[in-house]
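Trainee: Let me give you the structure first, and then I'll get to my questions.
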2 protein chains.
Amino acid sequence: MERTAPGRTFRERLERSWERSGSLLCVGLDPDLDTVRACLPGSDRPILEFCRSVVDATADLVCAFKPQIAHFAAARAEADLETLIAYIHEAYPGVPVILDAKRGDIGASAEQYAREAFERYGADALTVNPYLGWESIEPYRRPGRGVVLLCRTSNPGSDWLQEHPAGDPLYLRVAREARERDAGDLMLVAGATWPEELAAIRRAAGDLPLLVPGVGAQGGDPAAVREQGADSRGRGLVVNASRSVIFASVGPDFREAARDSARSLHSLLRLAG
Amino acid sequence: MERTAPGRTFRERLERSWERSGSLLCVGLDPDLDTVRACLPGSDRPILEFCRSVVDATADLVCAFKPQIAHFAAARAEADLETLIAYIHEAYPGVPVILDAKRGDIGASAEQYAREAFERYGADALTVNPYLGWESIEPYRRPGRGVVLLCRTSNPGSDWLQEHPAGDPLYLRVAREARERDAGDLMLVAGATWPEELAAIRRAAGDLPLLVPGVGAQGGDPAAVREQGADSRGRGLVVNASRSVIFASVGPDFREAARDSARSLHSLLRLAG
């Protein structure tokens with residue numbers, strides 16, 4: 001199975017996924033229970049069935065999927081998350097699954113979070129919060145797996161800590177350090193809502209891949225993201241859209257609507273080539 | 001039931017717990033599966049049985065319990081965590097449960113994490129990572145519940161971001177802002193391993209309560225914590241010990257060993273009265 005091929009780093013797997021899909025688009029799976037029930041009235045496992053349908057409708061258009069764990073946890077649907085990720089690996093091998101959990105802890109607790117993400121759920125990469133420092137990041141580094149560090153998040157209130165202080169904002173500090181410590185396994189979260197800062201992050205981060213939320217519902221512009229954020233070869237981006245794709249329609253036609261929405265984003269996020 | 005009494009803030013409930021227990025000690029419940037199996041060979045639900053036993057052995061010595069969620073999640077033991085917290089509320093009403101999950105996200109995802117912590121698990125307070133800014137904290141603020149913000153964590157590597165920059169380190173920025181925004185619901189995590197900084201945090205935070213990890217296995221000194229970190233009335237501290245109490249013995253006498261260890265810490269962390 002490709003995702004466990006010996007000696008392949010997460011970065012190499014992501015490169016292959018860009019090649020194969022020709023796409024920088026990532027679809028975020030945030031299955032709000034009330035909304036998915038409206039899409040699938042009468043379903044026994046609406047969260048699983050909804051996510052699987054969206055995956056089937058968009059898999060050929062994406063370089064990655066990103067399930068957000070809180071939506072499963074609040075609904076006691078951990079088993080659905082396990083089944084969903086196993087399904088993606090089986091049905092669409094080679095499409096990496098980035099588990100969005102924004103974990104951040106040290107020592108034994110961090111090791112348990114790593115076991116949760118990589119052993120229990122079989123994720124290929126995990127989002128991690130850097131506030132506790134580098135020793136809180138090391139426990140997640142495993143052969144073939146990726147760690148996606150929060151760097152510059154897409155929300156306006158992130159200024160308060162991440163912009164601090166002028167001249168050497170935290171997010172550039174995170175970006176530089178990640179570049180130095182990378183072993184083909186690190187990525188950075190950098191919001192689409194700050195296109196000018198994307199360019200600064202790209203300079204600080206070298207060719208580290210960026211996971212870019214904030215396109216779609218939050219209003220970030222895919223063209224600007226591409227222009228400011230692409231790496232030296234015009235790729236290096238995993239541009240995430242969640243609600244604007246998966247809830248493009250809240251009703252029985254959600255599959256077609258998700259596909260249409262993913263297709264328009266895909267046309268803006270196609271690899272030159 | 002006391003924990004849902006109308007109009008009572010988390011702070012007021014914590015004050016009552018200090019009064020009733022005469023203690024600043026918090027016992028952290030980090031039930032590493034291999035270790036709890038060694039304590040309870042043959043148990044069907046070793047995590048639940050272990051935690052319940054430690055709770056029973058120490059409840060009269062503590063002002064709070066702090067289960068760490070990763071240890072449950074890695075072992076697919078979410079149901080045990082639900083049952084454990086319900087048990088603490090029923091058997092020891094008035095002892096707050098701080099769920100240690102260090103969540104950090106925005107918008108719909110943060111709301112789902114809040115539902116997970118407060119509705120699914122029935123926690124009284126939740127640890128939250130401030131890296132995404134204040135809008136990532138607001139979704140957790142609910143009547144009667146508490147939010148415990150990471151401020152200065154106990155690990156050496158936390159310097160890298162939290163100390164930055166000299167003169168106005170991040171952790172003081174977090175402390176000042178929390179003081180301004182408090183409505184009886186905020187606390188700060190401040191590690192026992194940095195006693196001099198505890199004094200600076202106390203000055204910045206006014207009488208906000210501090211959750212202090214790092215006593216016990218990490219080597220922090222309870223007397224120094226008290227001297228530097230107590231509020232104007234000699235309380236204001238929730239001093240956590242996890243492994244040094246719960247795994248004081250790894251074997252069938254773990255209950256007595258946990259109680260003995262909690263009792264020695266309690267004698268150092270008794271309220272003057």
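FYI, nothing fancy with the structure tokens labels: chains A, B, ... in order, residues from 1 per chain, ligands from 1 as they appear.
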Could the residues of chain A that have an atom at most 7 Å from chain B be listed as CSV, each with its closest atom pair and the distance in Å to one decimal, counting only C-alpha atoms and ordered by chain and ascending residue number?

Mentor:
residue,atom,partner,partner_atom,distance
A:Ala70,CA,B:Tyr113,CA,5.3
A:His71,CA,B:Gln112,CA,5.7
A:Ala73,CA,B:Glu116,CA,6.1
A:Ala74,CA,B:Glu116,CA,4.2
A:Lys102,CA,B:Gly104,CA,6.4
A:Arg103,CA,B:Arg103,CA,6.9
A:Gly104,CA,B:Lys102,CA,6.4
A:Ser109,CA,B:Ala70,CA,5.9
A:Gln112,CA,B:Ala70,CA,5.4
A:Tyr113,CA,B:Ala70,CA,5.3
A:Arg115,CA,B:Ala74,CA,5.7
A:Glu116,CA,B:Ala74,CA,4.2
A:Arg120,CA,B:Ala74,CA,6.7
A:Tyr131,CA,B:Tyr131,CA,6.2
A:Leu132,CA,B:Ser158,CA,4.8
A:Gly133,CA,B:Ser158,CA,4.6
A:Trp134,CA,B:Gly157,CA,6.1
A:Glu135,CA,B:Gly157,CA,5.8
A:Thr153,CA,B:Leu132,CA,6.7
A:Gly157,CA,B:Gly133,CA,5.1
A:Ser158,CA,B:Gly133,CA,4.6
A:Trp160,CA,B:Gly133,CA,5.8
A:Leu161,CA,B:Tyr131,CA,6.3

Trainee: Can you pull out every residue within 9 Å of region 12-21 of chain A, counting only C-alpha atoms, but drop anything in the same chain fewer than 6 positions away, and send it as a list in words?

Mentor: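 In the requested format, the answer is Glu2, Arg3, Ala59, Asp60, Leu61, Val62, Cys63, Ala64, Gly94, Val95, Pro96, Gly144, Gly184, Pro209, Arg235, Gly236, Val238, Arg270 and Leu271 of chain A.
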
Trainee: May I have the residues from that selection written out with N, CA and C atoms, as a PDB file, in the first residue's frame?

Mentor:
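Now in selection_6.pdb:
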ATOM      1  N   GLU A   2       0.592   2.143  -0.907  1.00  0.00           N
ATOM      2  CA  GLU A   2       1.533   3.236  -1.124  1.00  0.00           C
ATOM      3  C   GLU A   2       1.869   4.017   0.143  1.00  0.00           C
ATOM      4  N   ARG A   3       0.840   4.225   0.986  1.00  0.00           N
ATOM      5  CA  ARG A   3       1.111   5.123   2.097  1.00  0.00           C
ATOM      6  C   ARG A   3       2.073   4.543   3.123  1.00  0.00           C
ATOM      7  N   ALA A  59     -12.933  13.071  -5.160  1.00  0.00           N
ATOM      8  CA  ALA A  59     -11.585  12.495  -4.990  1.00  0.00           C
ATOM      9  C   ALA A  59     -10.666  12.760  -6.180  1.00  0.00           C
ATOM     10  N   ASP A  60     -11.219  12.804  -7.393  1.00  0.00           N
ATOM     11  CA  ASP A  60     -10.340  13.012  -8.555  1.00  0.00           C
ATOM     12  C   ASP A  60      -9.922  14.468  -8.708  1.00  0.00           C
ATOM     13  N   LEU A  61     -10.469  15.355  -7.874  1.00  0.00           N
ATOM     14  CA  LEU A  61     -10.188  16.789  -8.005  1.00  0.00           C
ATOM     15  C   LEU A  61      -9.255  17.309  -6.924  1.00  0.00           C
ATOM     16  N   VAL A  62      -8.844  16.451  -6.000  1.00  0.00           N
ATOM     17  CA  VAL A  62      -8.126  16.944  -4.820  1.00  0.00           C
ATOM     18  C   VAL A  62      -6.742  16.312  -4.691  1.00  0.00           C
ATOM     19  N   CYS A  63      -5.855  17.029  -3.976  1.00  0.00           N
ATOM     20  CA  CYS A  63      -4.563  16.437  -3.622  1.00  0.00           C
ATOM     21  C   CYS A  63      -4.569  15.886  -2.206  1.00  0.00           C
ATOM     22  N   ALA A  64      -5.624  16.190  -1.418  1.00  0.00           N
ATOM     23  CA  ALA A  64      -5.700  15.697  -0.038  1.00  0.00           C
ATOM     24  C   ALA A  64      -7.116  15.880   0.491  1.00  0.00           C
ATOM     25  N   GLY A  94      -3.099   6.804  -2.125  1.00  0.00           N
ATOM     26  CA  GLY A  94      -2.266   7.879  -2.654  1.00  0.00           C
ATOM     27  C   GLY A  94      -2.832   9.261  -2.383  1.00  0.00           C
ATOM     28  N   VAL A  95      -4.082   9.380  -1.939  1.00  0.00           N
ATOM     29  CA  VAL A  95      -4.601  10.701  -1.537  1.00  0.00           C
ATOM     30  C   VAL A  95      -4.384  10.839  -0.030  1.00  0.00           C
ATOM     31  N   PRO A  96      -3.458  11.701   0.393  1.00  0.00           N
ATOM     32  CA  PRO A  96      -3.170  11.787   1.824  1.00  0.00           C
ATOM     33  C   PRO A  96      -4.345  12.347   2.630  1.00  0.00           C
ATOM     34  N   GLY A 144       7.302   8.547   7.212  1.00  0.00           N
ATOM     35  CA  GLY A 144       6.182   8.531   6.283  1.00  0.00           C
ATOM     36  C   GLY A 144       5.002   9.400   6.670  1.00  0.00           C
ATOM     37  N   GLY A 184      11.393  16.403   5.420  1.00  0.00           N
ATOM     38  CA  GLY A 184      10.386  15.917   4.478  1.00  0.00           C
ATOM     39  C   GLY A 184       9.055  15.625   5.124  1.00  0.00           C
ATOM     40  N   PRO A 209       5.790  22.770   2.108  1.00  0.00           N
ATOM     41  CA  PRO A 209       4.403  22.918   1.648  1.00  0.00           C
ATOM     42  C   PRO A 209       3.549  23.686   2.669  1.00  0.00           C
ATOM     43  N   ARG A 235       4.143  24.852  -7.171  1.00  0.00           N
ATOM     44  CA  ARG A 235       3.243  24.008  -6.396  1.00  0.00           C
ATOM     45  C   ARG A 235       3.474  24.313  -4.919  1.00  0.00           C
ATOM     46  N   GLY A 236       3.562  23.317  -4.038  1.00  0.00           N
ATOM     47  CA  GLY A 236       3.848  23.612  -2.625  1.00  0.00           C
ATOM     48  C   GLY A 236       2.634  24.070  -1.836  1.00  0.00           C
ATOM     49  N   VAL A 238      -1.444  23.278  -0.481  1.00  0.00           N
ATOM     50  CA  VAL A 238      -2.601  22.418  -0.280  1.00  0.00           C
ATOM     51  C   VAL A 238      -3.691  23.376   0.187  1.00  0.00           C
ATOM     52  N   ARG A 270      -5.397  24.391 -10.511  1.00  0.00           N
ATOM     53  CA  ARG A 270      -4.814  23.330 -11.307  1.00  0.00           C
ATOM     54  C   ARG A 270      -3.327  23.589 -11.446  1.00  0.00           C
ATOM     55  N   LEU A 271      -2.547  22.530 -11.417  1.00  0.00           N
ATOM     56  CA  LEU A 271      -1.114  22.697 -11.629  1.00  0.00           C
ATOM     57  C   LEU A 271      -0.853  23.084 -13.069  1.00  0.00           C
TER      58      LEU A 271
END

Trainee: Got a sec to tell me which of region 161-237 of chain B DSSP assigns to strand (DSSP E or B), as a list in words?

Mentor: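 Those residues are Leu186, Met187, Leu188, Val189, Ala190, Leu210, Leu211, Val212, Val215, Gly220 and Leu237 of chain B.
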
Trainee: Output C-alpha atoms of each residue in that selection to a file, as a PDB file, in the first residue's frame.

Mentor:
ATOM      1  CA  LEU B 186     -10.792  32.180  33.204  1.00  0.00           C
ATOM      2  CA  MET B 187      -7.694  30.517  34.640  1.00  0.00           C
ATOM      3  CA  LEU B 188      -4.102  30.316  33.423  1.00  0.00           C
ATOM      4  CA  VAL B 189      -1.714  27.393  33.114  1.00  0.00           C
ATOM      5  CA  ALA B 190       1.628  28.418  34.634  1.00  0.00           C
ATOM      6  CA  LEU B 210      -3.491  29.466  38.178  1.00  0.00           C
ATOM      7  CA  LEU B 211      -3.418  25.789  37.211  1.00  0.00           C
ATOM      8  CA  VAL B 212       0.155  24.772  38.005  1.00  0.00           C
ATOM      9  CA  VAL B 215       5.121  19.523  40.656  1.00  0.00           C
ATOM     10  CA  GLY B 220       8.728  21.733  40.646  1.00  0.00           C
ATOM     11  CA  LEU B 237      -3.677  27.962  42.971  1.00  0.00           C
TER      12      LEU B 237
END

Trainee: Quick one: everything within 12 Å of region 251-262 of chain B, counting only C-alpha atoms, minus sequence neighbours fewer than 4 positions away in the same chain. Send it as a ChimeraX atom specification.

Mentor: /B:23-29,34-43,49-63,215-217,239-247,266-270

Trainee: Out of A:Pro93, A:Pro213, A:Gly234, A:Gly229, which residue has the shortest atom-to-atom distance to Ile201 (chain A) when counting only C-alpha atoms?

Mentor: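 Answer, going by the shortest atom-to-atom distance: A:Gly229.
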
Trainee: For CA of Ala204 (chain B) and CA of Ala175 (chain B), determine how far apart the two atoms are, in Å to one decimal place.

Mentor: 5.9 Å

Trainee: Which parts of region 153-209 of chain B does DSSP call helix (DSSP H, G or I) when run on the backbone here, written out as a PyMOL selection string?

Mentor: chain B and resi 156-162+170-181+195-205

Trainee: Go ahead and compute the interatomic distance for CA of Leu84 (chain B) and CA of Gly22 (chain B), in Å to one decimal.

Mentor: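 Taking CA of Leu84 (chain B) as the start and CA of Gly22 (chain B) as the end point, the length is 23.7 Å.
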